[in-house]
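Asker: First the structure, which I've put down as structure tokens, then a few questions once you've had a look.
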Amino acid sequence: MMTTQETTETRDESTGVIDVQGIGASPGIAIGPAFQFAKVEVDVERRPIENPAAEWERFEAALETAREQLGQVLAKAEEETGAEEASIFEAHLMMLKDPELLKEVRAAIEDEELNAEAAIHEAAESYAQMLEAMEDEYLGARAADVRDVAERVVRVLLDLPQSPAAELSDRSVILARDLTPSDTVLLDKSLVLGFCTAEGGKTSHTAILARSLALPAVVGAGREILEIPEGETVVLDGTAGILIVRPDEETVEEYQERQERIASTLEKAREKADEPAMTRDGKRVEVVANIGNVAGAQSAVEAGAEGVGLLRTEFLYLERDALPDEEEQYKAYKAIVDVFGDLPVILRTLDIGGDKELPYLDLPQEMNPFLGVRAIRLCLARPELLKPQLRAALRAGIDGNLKIMFPMVSRVSEVEAARELLEECRRELEDEGQEVAGDIEIGIMIEIPAAVVMADRLAETVDFFSIGTNDLSQYTMAADRTNADVAALVTGFQPAVLRLVRDTIEAAHGGGIWVGLCGELAGEPLAIPILLGLGLDEFSMNPPAIPLAKQIIRQLTVDEAREVAREALRAESPEAVEELVRERVPAADLR
Ligand code: PEP
Ligand code: MG
């Protein structure tokens with residue numbers, strides 16, 4: 001198969017050093033032993049037993065242990081990731097109490113005299129198959145949960161570790177096929193030096209997690225990384241997307257030096273994180289955060305965020321059985337607005353569709369979900385989805401500085417329809433005698449090429465733009481952002497994407513409105529001089545990227561940045577763009 005991102009492996013026969021090239025997903029360097037995050041396969045043996053009563057007791061004891069384990073996982077998930085991921089484990093706990101399932105297990109042990117491992121495995125399997133047979137996506141996902149939970153009990157019965165995470169005892173570089181939210185909850189993050197996964201792209205769960213923990217990560221590195229022996233020394237370069245196996249002394253020294261240099265740059269940047277980002281010639285730039293929940297709001301403030309440029313509200317909707325009602329949303333948004341006081345919080349309305357599904361909405365399957373009824377299209381087709389969110393936002397914005405932003409806009413008529421819906425909500429609330437926020441700024445995301453083309457007209461309809469380069473690059477390059485085979489194409493460093501960013505900024509300023517950027521590009525050190533030079537007003541990024549972004553801005557003048565931007569727009573490839581910024585702005589070169 002032809003792919004644009006070949007994972008390459010080179011081996012130096014004389015030294016045995018192996019380089020694996022993947023995709024740099026979170027910057028930084030890690031050096032240490034490899035830890036293979038591979039689950040030990042469970043082999044369930046079927047055997048007759050002699051004492052069914054004792055076997056049932058053995059099963060009940062295992063059930064109790066599994067419940068305790070889940071209780072701990074749940075508490076850890078709530079503490080580290082917030083309610084949305086924790087709810088998966090609540091569902092698992094419920095399953096361990098399911099009377100139907102337990103009745104089946106008991107019958108197999110007592111009537112068929114079957115061992116407990118086989119009894120729970122078979123009962124869960126037939127339950128899971130029944131769920132799958134219903135051909136409903138939501139129930140299909142539940143089938144995976146049933147199997148997962150049964151496997152947990154089997155592991156207890158067989159005395160196998162609940163997850164490879166429990167075996168991690170030394171600071172290591174984690175190698176895995178890919179990591180799910182449940183895998184990562186169990187990892188002791190203080191022992192994780194970095195991540196390298198065989199699969200996934202820049203927006204995979206592992207990549208996002210690594211960036212939010214400020215740990216280096218390489219994704220899409222190919223299956224050969226799973227063959228690397230445990231304990232083998234590896235060097236992980238999350239900036240260049242390289243994993244070096246069995247490095248020689250010289251390589252280790254070189255990377256250690258780089259690691260120290262990067263650490264001291266970041267340390268200096270963190271010391272000034274709370275100070276504003278002002279260029280050498282006195283231009284003040286706003287640096288704000290991308291967050292998903294109230295925990296993110298707190299870490300954003302600590303990182304020096306001057307507000308929120310993108311609140312991804314999906315967190316309230318995912319991993320649950322039903323839509324959150326207006327009251328629940330109001331409380332969640334208000335809690336975030338309260339963290340920021342007078343600072344701006346841009347609430348992006350629901351962006352569902354594409355790779356984010358809400359099984360409980362029972363939406364029709366689409367051939368190309370990224371090109372389908374996603375985000376504002378879905379919300380306008382089903383106003384009952386959007387209205388509670390808009391009502392909650394109007395109420396949550398009373399005391400703070402809340403702004404509302406609509407995603408995936410491609411036409412003027414969509415903005416008009418969304419605004420009408422907002423006004424309808426305002427009127428309804430007022431008629432009900434409820435207090436609502438006064439003047440709320442309304443913005444849209446510019447993430448579809450059609451919106452860039454129409455940006456001058458769109459600028460007449462809103463108060464601000466925020467450029468979403470994650471989607472803008474996938475739609476411009478016609479390359480699915482979740483497909484590792486084309487992931488290398490999906491980068492905001494593509495000159496084609498940079499030209500669209502320039503056009504958007506020009507159109508916004510021509511129309512007298514301000515413009516931000518909240519795609520991953522805004523937090524990329526090498527992109528910052530270009531975006532500054534293009535005249536971007538607001539940079540919105542993952543909180544850990546904020547201190548360095550501010551520091552890079554402080555070291556530039558607007559004229560220098562303009563020159564870099566001019567050259568970048570003339571470059572032919574993303575590599576050439578990155579190279580020229582490295583040459584021109586050494587402060588942005590974090591290698
Ligand atoms: C984007 O598309 O750049 C963006 C910020 O939105 P999301 O990544 O949530 O699609
Ligand atoms: Mg987007």
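Every chain in the structure tokens has a letter given in the order shown (A, B, ...), and although residue numbers restart at 1 in each chain, ligands are simply numbered from 1 in the order shown.
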Hey, which residues come within 6 Å of ligand 1 if we count only C-alpha atoms and all ligand atoms? Could you give them as JSON, numbers by chain?
Answerer: {"A": [447, 468, 469, 470, 471, 518, 519]}
Asker: Any chance you can output those residues with N, CA and C atoms as an mmCIF file, in the first residue's frame?
Answerer:
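Wrote it out as out_9.cif, contents follow:
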```cif
data_model
loop_
_atom_site.group_PDB
_atom_site.id
_atom_site.type_symbol
_atom_site.label_atom_id
_atom_site.label_comp_id
_atom_site.auth_asym_id
_atom_site.auth_seq_id
_atom_site.Cartn_x
_atom_site.Cartn_y
_atom_site.Cartn_z
ATOM 1 N N GLU A 447 -12.609 26.920 9.763
ATOM 2 C CA GLU A 447 -11.903 25.643 9.659
ATOM 3 C C GLU A 447 -12.285 24.872 8.403
ATOM 4 N N GLY A 468 -9.371 27.284 13.038
ATOM 5 C CA GLY A 468 -9.161 25.912 13.513
ATOM 6 C C GLY A 468 -8.293 25.181 12.509
ATOM 7 N N THR A 469 -6.988 25.250 12.730
ATOM 8 C CA THR A 469 -6.091 24.671 11.715
ATOM 9 C C THR A 469 -6.096 23.148 11.701
ATOM 10 N N ASN A 470 -6.593 22.503 12.780
ATOM 11 C CA ASN A 470 -6.643 21.036 12.743
ATOM 12 C C ASN A 470 -7.588 20.600 11.625
ATOM 13 N N ASP A 471 -8.765 21.190 11.625
ATOM 14 C CA ASP A 471 -9.709 20.843 10.561
ATOM 15 C C ASP A 471 -9.367 21.540 9.251
ATOM 16 N N CYS A 518 -6.999 28.589 17.233
ATOM 17 C CA CYS A 518 -7.055 27.637 18.340
ATOM 18 C C CYS A 518 -6.732 26.214 17.909
ATOM 19 N N GLY A 519 -6.236 26.027 16.679
ATOM 20 C CA GLY A 519 -5.753 24.699 16.281
ATOM 21 C C GLY A 519 -4.412 24.446 16.962
#
```
Asker: From range 186-315 of chain A, collect each residue whose DSSP state is strand (DSSP E or B) and return the set as number ranges by chain.
Answerer: A: 192-197, 217-219, 233-237, 242-245, 277-278, 284-291, 308-312
Asker: Would you mind writing down, as a PyMOL selection string, each residue of range 244-315 of chain A that DSSP on the backbone assigns to helix (DSSP H, G or I)?
Answerer: chain A and resi 249-271+294-302+313-315
Asker: What's around Pro388 in chain A at 9 Å? Count only C-alpha atoms, leave out sequence neighbours fewer than 6 positions away in its own chain, and write the answer as a count of residues only.
Answerer: 6
Asker: For a quick check of understanding, using only C-alpha atoms and all ligand atoms, which of A:Asp178, A:Glu414, A:Glu520, A:Asp188 has the smallest distance to ligand 2?
Answerer: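 Checking each of A:Asp178, A:Glu414, A:Glu520, A:Asp188 against ligand 2, counting only C-alpha atoms and all ligand atoms, the winner is A:Glu520.
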Asker: Residues within 12 Å of Ala479 in chain A, please, as number ranges by chain. Count only C-alpha atoms; anything in the same chain fewer than 3 positions from it doesn't count.
Answerer: A: 3-5, 201, 368, 370-371, 470-476, 482-491
Asker: Using only C-alpha atoms, which protein or nucleic acid residues come within 7 Å of range 19-31 of chain A? Drop anything in the same chain fewer than 4 positions from it, and give the result as a ChimeraX atom specification.
Answerer: /A:7-11,193-194,202,207,210-211,215-221,234-245,259
Asker: Keeping only N, CA, C and O atoms, write the selected residues as a short mmCIF file (atom, residue, chain, number, x, y, z; two decimals), in the first residue's frame.
Answerer:
```
data_model
loop_
_atom_site.label_atom_id
_atom_site.label_comp_id
_atom_site.auth_asym_id
_atom_site.auth_seq_id
_atom_site.Cartn_x
_atom_site.Cartn_y
_atom_site.Cartn_z
N THR A 7 6.45 4.43 7.91
CA THR A 7 7.28 4.36 9.11
C THR A 7 8.56 3.68 8.68
O THR A 7 8.54 2.60 8.12
N THR A 8 9.66 4.33 8.92
CA THR A 8 10.91 3.78 8.45
C THR A 8 11.74 3.33 9.63
O THR A 8 11.70 3.92 10.70
N GLU A 9 12.48 2.27 9.40
CA GLU A 9 13.38 1.80 10.44
C GLU A 9 14.75 1.69 9.81
O GLU A 9 14.91 1.11 8.75
N THR A 10 15.76 2.32 10.40
CA THR A 10 17.11 2.17 9.87
C THR A 10 17.98 1.56 10.96
O THR A 10 17.83 1.87 12.14
N ARG A 11 18.84 0.67 10.52
CA ARG A 11 19.69 -0.03 11.48
C ARG A 11 21.15 0.15 11.09
O ARG A 11 21.52 -0.05 9.94
N LEU A 193 8.19 8.64 31.34
CA LEU A 193 9.12 9.62 30.75
C LEU A 193 8.59 10.13 29.42
O LEU A 193 8.88 11.25 29.00
N GLY A 194 7.85 9.29 28.73
CA GLY A 194 7.29 9.68 27.43
C GLY A 194 6.51 8.51 26.85
O GLY A 194 6.50 7.41 27.42
N LYS A 202 -1.53 12.75 15.21
CA LYS A 202 -1.29 13.87 16.12
C LYS A 202 -2.47 14.19 17.03
O LYS A 202 -2.30 14.82 18.07
N ALA A 207 -1.67 11.34 22.01
CA ALA A 207 -1.02 12.61 21.67
C ALA A 207 -1.58 13.74 22.54
O ALA A 207 -0.83 14.54 23.10
N ALA A 210 -0.43 13.29 26.17
CA ALA A 210 0.98 13.62 26.35
C ALA A 210 1.18 15.13 26.36
O ALA A 210 1.91 15.66 27.20
N ARG A 211 0.50 15.83 25.46
CA ARG A 211 0.66 17.29 25.44
C ARG A 211 0.13 17.91 26.71
O ARG A 211 0.72 18.84 27.25
N LEU A 215 4.54 15.79 28.36
CA LEU A 215 5.50 14.70 28.19
C LEU A 215 5.76 14.49 26.70
O LEU A 215 4.85 14.63 25.89
N PRO A 216 7.00 14.13 26.31
CA PRO A 216 7.25 13.91 24.89
C PRO A 216 6.51 12.68 24.36
O PRO A 216 6.31 11.71 25.12
N ALA A 217 6.09 12.72 23.11
CA ALA A 217 5.41 11.56 22.53
C ALA A 217 5.64 11.48 21.04
O ALA A 217 5.72 12.48 20.34
N VAL A 218 5.77 10.23 20.58
CA VAL A 218 5.83 9.93 19.15
C VAL A 218 4.69 8.95 18.88
O VAL A 218 4.50 8.00 19.63
N VAL A 219 3.92 9.21 17.83
CA VAL A 219 2.82 8.30 17.51
C VAL A 219 3.01 7.78 16.08
O VAL A 219 3.86 8.27 15.35
N GLY A 220 2.19 6.77 15.72
CA GLY A 220 2.27 6.22 14.37
C GLY A 220 3.65 5.69 14.03
O GLY A 220 4.11 5.80 12.89
N ALA A 221 4.34 5.08 15.01
CA ALA A 221 5.74 4.66 14.78
C ALA A 221 5.86 3.27 14.17
O ALA A 221 6.95 2.82 13.87
N VAL A 234 16.14 3.50 25.34
CA VAL A 234 15.66 4.18 24.13
C VAL A 234 15.76 5.69 24.33
O VAL A 234 15.71 6.19 25.45
N VAL A 235 15.91 6.38 23.21
CA VAL A 235 15.85 7.83 23.22
C VAL A 235 14.60 8.20 22.41
O VAL A 235 14.42 7.73 21.29
N LEU A 236 13.74 8.99 23.02
CA LEU A 236 12.51 9.39 22.35
C LEU A 236 12.59 10.89 22.07
O LEU A 236 12.78 11.68 23.00
N ASP A 237 12.47 11.25 20.82
CA ASP A 237 12.51 12.67 20.45
C ASP A 237 11.13 13.05 19.92
O ASP A 237 10.80 12.79 18.77
N GLY A 238 10.34 13.63 20.79
CA GLY A 238 8.95 13.97 20.44
C GLY A 238 8.86 15.15 19.50
O GLY A 238 7.82 15.38 18.88
N THR A 239 9.93 15.90 19.37
CA THR A 239 9.93 17.04 18.46
C THR A 239 10.13 16.54 17.02
O THR A 239 9.40 16.93 16.11
N ALA A 240 11.12 15.65 16.85
CA ALA A 240 11.41 15.15 15.50
C ALA A 240 10.61 13.90 15.16
O ALA A 240 10.59 13.47 14.01
N GLY A 241 9.94 13.31 16.15
CA GLY A 241 9.16 12.09 15.89
C GLY A 241 10.04 10.86 15.74
O GLY A 241 9.74 9.98 14.94
N ILE A 242 11.15 10.80 16.50
CA ILE A 242 12.09 9.67 16.35
C ILE A 242 12.19 8.87 17.64
O ILE A 242 12.18 9.44 18.74
N LEU A 243 12.33 7.55 17.48
CA LEU A 243 12.67 6.70 18.61
C LEU A 243 13.99 6.01 18.26
O LEU A 243 14.09 5.36 17.22
N ILE A 244 14.99 6.16 19.10
CA ILE A 244 16.28 5.51 18.85
C ILE A 244 16.44 4.38 19.85
O ILE A 244 16.35 4.58 21.06
N VAL A 245 16.63 3.17 19.30
CA VAL A 245 16.76 2.00 20.17
C VAL A 245 18.24 1.64 20.29
O VAL A 245 18.96 1.67 19.29
N GLN A 259 18.39 17.75 26.00
CA GLN A 259 17.34 17.66 27.02
C GLN A 259 17.54 18.76 28.08
O GLN A 259 16.59 19.43 28.48
#
```
Asker: What's around range 504-508 of chain A at 12 Å? Count only C-alpha atoms, leave out sequence neighbours fewer than 5 positions away in its own chain, and write the answer as a PyMOL selection string.
Answerer: chain A and resi 443-469+472+497-499+513-517+531-538
Asker: Got a sec: who's within 10 Å of Leu363 in chain A, counting only C-alpha atoms, leaving out chain neighbours fewer than 6 positions off, as a PyMOL selection string?
Answerer: chain A and resi 137+353+357+373+378
Asker: With all heavy atoms retained, could you export that selection as a compact mmCIF listing (two decimals), in the first residue's frame?
Answerer:
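Saved file part.txt follows:
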```txt
# COMPACT_ATOMS: atom_id res chain seq x y z
N GLU A 137 -24.97 0.85 17.48
CA GLU A 137 -23.60 1.23 17.79
C GLU A 137 -23.35 1.37 19.29
O GLU A 137 -22.35 0.95 19.83
CB GLU A 137 -23.33 2.55 17.12
CG GLU A 137 -21.89 2.79 16.85
CD GLU A 137 -21.76 4.01 16.00
OE1 GLU A 137 -22.45 4.09 14.96
OE2 GLU A 137 -21.03 4.88 16.42
N GLY A 353 -20.11 14.69 15.65
CA GLY A 353 -20.02 14.23 14.26
C GLY A 353 -18.54 14.05 13.98
O GLY A 353 -17.72 14.21 14.88
N GLU A 357 -18.69 10.74 18.37
CA GLU A 357 -20.06 10.27 18.23
C GLU A 357 -20.80 10.35 19.57
O GLU A 357 -20.19 10.22 20.62
CB GLU A 357 -20.07 8.81 17.80
CG GLU A 357 -19.52 8.60 16.42
CD GLU A 357 -19.39 7.13 16.11
OE1 GLU A 357 -20.27 6.36 16.53
OE2 GLU A 357 -18.41 6.76 15.47
N VAL A 373 -22.96 15.45 8.58
CA VAL A 373 -23.77 16.34 9.42
C VAL A 373 -23.05 16.52 10.75
O VAL A 373 -23.38 15.87 11.74
CB VAL A 373 -25.18 15.75 9.61
CG1 VAL A 373 -26.08 16.77 10.32
CG2 VAL A 373 -25.79 15.40 8.26
N LEU A 378 -25.32 19.78 12.37
CA LEU A 378 -26.17 18.93 13.19
C LEU A 378 -27.04 19.79 14.12
O LEU A 378 -28.24 19.56 14.26
CB LEU A 378 -25.29 17.99 14.02
CG LEU A 378 -26.01 17.11 15.03
CD1 LEU A 378 -26.91 16.11 14.32
CD2 LEU A 378 -25.01 16.36 15.92
```
